[in-house]
Amino acid sequence: MAHRWTNDLTRADATPRGLFLNRRQIMAGMGAGALGVGGLAGRAGAQEALEPNSFEEITTYNNFYEFGTGKTDPAKNAEALDIADWTVTIDGLVDNPGTYPLAELIGGLAVEDRIYRLRCVEAWSMVVPWQGIELKDILDRAGVQSGARYVAFETAVQPENMPGLRRGVLDFPYVEGLRLDEAMHPLTIMATGLYDRPMPKQNGAPIRLVVPWKYGFKSIKSITRISLVEQQPATTWNDLAPSEYGFFANVNPNVDHPRWSQATERRIGGGLFSSRQDTLMYNGYDEVAALYDGMDLEAQF
Ligand SMILES: Nc1nc2c(c(=O)[nH]1)N[C@H]1C(S)=C(S)[C@@H](COP(=O)(O)O)O[C@H]1N2
Ligand SMILES: [Mo]
């Protein structure tokens with residue numbers, strides 16, 4: 001099949017307007033918090049207008065270690081990422097395992113605007129206007145079987161195109177994971193674009209995870225595999241330094257990184273005189289708190 005890159009689809013193509021609005025109303029009725037202009041902003045939207053960072057800021061200050069460890073390396077090097085004929089393999093405990101062209105994976109599913117805060121574990125943050133599909137919609141289509149308890153994700157490996165692979169800073173492929181209830185939460189999206197443009201390569205083209213209440217390293221880029229599994233999967237940063245980076249990695253101003261405070265953050269693009277701002281529990285997305293009822297957040301950070 002000669003498939004075009006699915007990001008060519010506009011939201012109007014992907015979702016009849018009536019259905020689109022209806023979905024929004026359903027989400028508003030869920031008590032998910034403030035529905036800001038352009039999307040679901042969560043509780044944070046009630047505390048400050050979520051003013052997105054500029055396209056320039058979002059695409060020139062990145063973490064994507066496959067393309068280098070410097071913040072400007074991905075913008076310089078990620079153009080080499082080959083996103084033609086992208087496929088995503090879905091395997092493990094699903095009714096419909098397979099290797100799907102991207103267009104097949106997400107075709108027909110509702111593409112939504114979500115203006116989300118992004119809080120890196122390194123204590124900087126930005127606000128990004130994403131376009132994406134709820135991960136739940138993709139998993140429902142795959143048919144999650146009853147034994148599945150976690151979702152594991154894997155980034156593409158393109159040795160020729162990824163200079164960061166040769167440095168061996170991390171173990172590649174970059175891998176991440178979520179508990180199934182986190183994966184099914186309506187805030188969790190698979191983003192395919194930002195600022196109404198196809199996902200820039202440095203931000204994880206053609207499709208990447210965005211989990212706004214967790215530290216940025218959970219939001220794995222350029223995904224080629226999604227596995228439904230029974231056991232908690234290995235995750236890259238947790239494997240590297242388990243005392244510094246937890247599996248859950250929920251944004252929490254009360255649990256410091258061993259080497260720095262997580263109480264405040266530096267907003268990228270805030271200007272020379274902008275002061276640090278307070279970091280919010282769950283990055284302001286309080287509606288996820290129920291997922292962690294009864295958990296010791298100091299122990300399971
Ligand atoms: N494959 C892969 N995904 C990744 C990373 C990475 O190095 N490799 N970095 C993570 C980190 S630490 C952050 S903060 C976010 C940054 O996303 P952005 O560059 O789009 O802002 O991507 C995450 N996803
Ligand atoms: Mo990060």
# chains A, B, ... in the order shown; residues from 1 in each chain; ligands from 1

$ residues_around --residues "Ile83 of chain A" --least-positions-apart "6" --cutoff "10 Å" --atoms "only C-alpha atoms" --output "list in words"
Trp5, Ala156, Lys201, Ala205, Pro206, Ile207 and Ser222 of chain A

$ residues_near_ligand --ligand "ligand 1" --cutoff "9 Å" --atoms "only C-alpha atoms and all ligand atoms" --output "ChimeraX atom specification"
/A:58-69,71,74,118-122,124-126,128,154-156,170,172-176,200,202-204,208-210,215-223,237

$ select_by_dssp --residues "segment 71-100 of chain A" --states "helix (DSSP H, G or I)" --output "PyMOL selection string"
chain A and resi 73-80

$ write_last_selection --atoms "all heavy atoms" --output "compact mmCIF listing (two decimals), in the first residue's frame"
# COMPACT_ATOMS: atom_id res chain seq x y z
N ASP A 73 21.58 19.77 20.20
CA ASP A 73 21.98 18.67 19.31
C ASP A 73 20.81 18.08 18.51
O ASP A 73 20.97 17.83 17.30
CB ASP A 73 22.66 17.54 20.11
CG ASP A 73 24.06 17.92 20.58
OD1 ASP A 73 24.62 18.91 20.06
OD2 ASP A 73 24.60 17.23 21.47
N PRO A 74 19.66 17.82 19.14
CA PRO A 74 18.56 17.25 18.35
C PRO A 74 18.15 18.15 17.18
O PRO A 74 17.94 17.66 16.06
CB PRO A 74 17.43 17.09 19.38
CG PRO A 74 18.14 16.90 20.68
CD PRO A 74 19.33 17.83 20.59
N ALA A 75 18.08 19.45 17.41
CA ALA A 75 17.71 20.35 16.32
C ALA A 75 18.73 20.29 15.19
O ALA A 75 18.39 20.42 14.02
CB ALA A 75 17.55 21.78 16.84
N LYS A 76 20.00 20.08 15.56
CA LYS A 76 21.06 20.03 14.54
C LYS A 76 21.08 18.69 13.82
O LYS A 76 21.38 18.62 12.64
CB LYS A 76 22.43 20.23 15.20
CG LYS A 76 22.73 21.67 15.54
CD LYS A 76 24.17 21.79 16.09
CE LYS A 76 24.29 22.96 17.04
NZ LYS A 76 24.93 22.61 18.32
N ASN A 77 20.82 17.59 14.56
CA ASN A 77 21.12 16.26 14.03
C ASN A 77 19.90 15.41 13.65
O ASN A 77 20.06 14.42 12.92
CB ASN A 77 21.94 15.46 15.07
CG ASN A 77 23.27 16.12 15.36
OD1 ASN A 77 23.85 16.77 14.50
ND2 ASN A 77 23.75 15.95 16.59
N ALA A 78 18.72 15.75 14.16
CA ALA A 78 17.59 14.83 14.00
C ALA A 78 17.03 14.81 12.59
O ALA A 78 16.23 13.93 12.25
CB ALA A 78 16.48 15.16 15.01
N GLU A 79 17.46 15.75 11.75
CA GLU A 79 16.98 15.74 10.37
C GLU A 79 17.30 14.40 9.68
O GLU A 79 16.60 13.96 8.78
CB GLU A 79 17.60 16.91 9.60
CG GLU A 79 16.88 17.28 8.32
CD GLU A 79 15.36 17.33 8.47
OE1 GLU A 79 14.86 18.03 9.38
OE2 GLU A 79 14.67 16.65 7.68
N ALA A 80 18.34 13.72 10.17
CA ALA A 80 18.74 12.44 9.58
C ALA A 80 17.76 11.30 9.91
O ALA A 80 17.80 10.25 9.25
CB ALA A 80 20.14 12.06 10.07

$ closest_residue --among "A:Ala123, A:Leu280, A:Ala299, A:Met162" --to "ligand 2" --atoms "only C-alpha atoms and all ligand atoms"
A:Ala123

$ residues_around --residues "Glu244 of chain A" --least-positions-apart "6" --cutoff "8 Å" --atoms "only C-alpha atoms" --output "MDAnalysis selection string"
chainID A and resid 238 257:258

$ write_last_selection --atoms "N, CA and C atoms" --output "PDB file, in the first residue's frame"
ATOM      1  N   ASN A 238      15.471   4.643  34.587  1.00  0.00           N
ATOM      2  CA  ASN A 238      15.377   3.869  35.821  1.00  0.00           C
ATOM      3  C   ASN A 238      16.457   2.791  35.855  1.00  0.00           C
ATOM      4  N   HIS A 257      15.089  15.206  43.656  1.00  0.00           N
ATOM      5  CA  HIS A 257      16.117  14.376  43.053  1.00  0.00           C
ATOM      6  C   HIS A 257      17.301  14.372  44.032  1.00  0.00           C
ATOM      7  N   PRO A 258      18.039  13.263  44.144  1.00  0.00           N
ATOM      8  CA  PRO A 258      19.145  13.225  45.106  1.00  0.00           C
ATOM      9  C   PRO A 258      20.150  14.370  44.929  1.00  0.00           C
TER      10      PRO A 258
END

$ residues_around --residues "Leu178 of chain A" --least-positions-apart "6" --cutoff "12 Å" --atoms "only C-alpha atoms" --output "PyMOL selection string"
chain A and resi 135+148-153+184-185+188+209-211+214+218-220+226-235+246-250+291

$ closest_residue --among "A:Ala142, A:Leu81, A:Leu272, A:Val127" --to "Glu104 of chain A" --atoms "only C-alpha atoms"
A:Ala142

$ atom_distance --atom1 "atom CA of Asn254 of chain A" --atom2 "atom CA of Met281 of chain A"
8.1 Å

$ select_by_dssp --residues "segment 92-266 of chain A" --states "strand (DSSP E or B)" --output "number ranges by chain"
A: 92, 94, 98-101, 112-119, 124-134, 144, 150-155, 175-179, 189-194, 197-198, 208-210, 214, 223-229, 250, 257, 260, 264-266

$ closest_residue --among "A:Thr236, A:Asn161, A:Gln300, A:Gln131" --to "ligand 2" --atoms "only C-alpha atoms and all ligand atoms"
A:Thr236
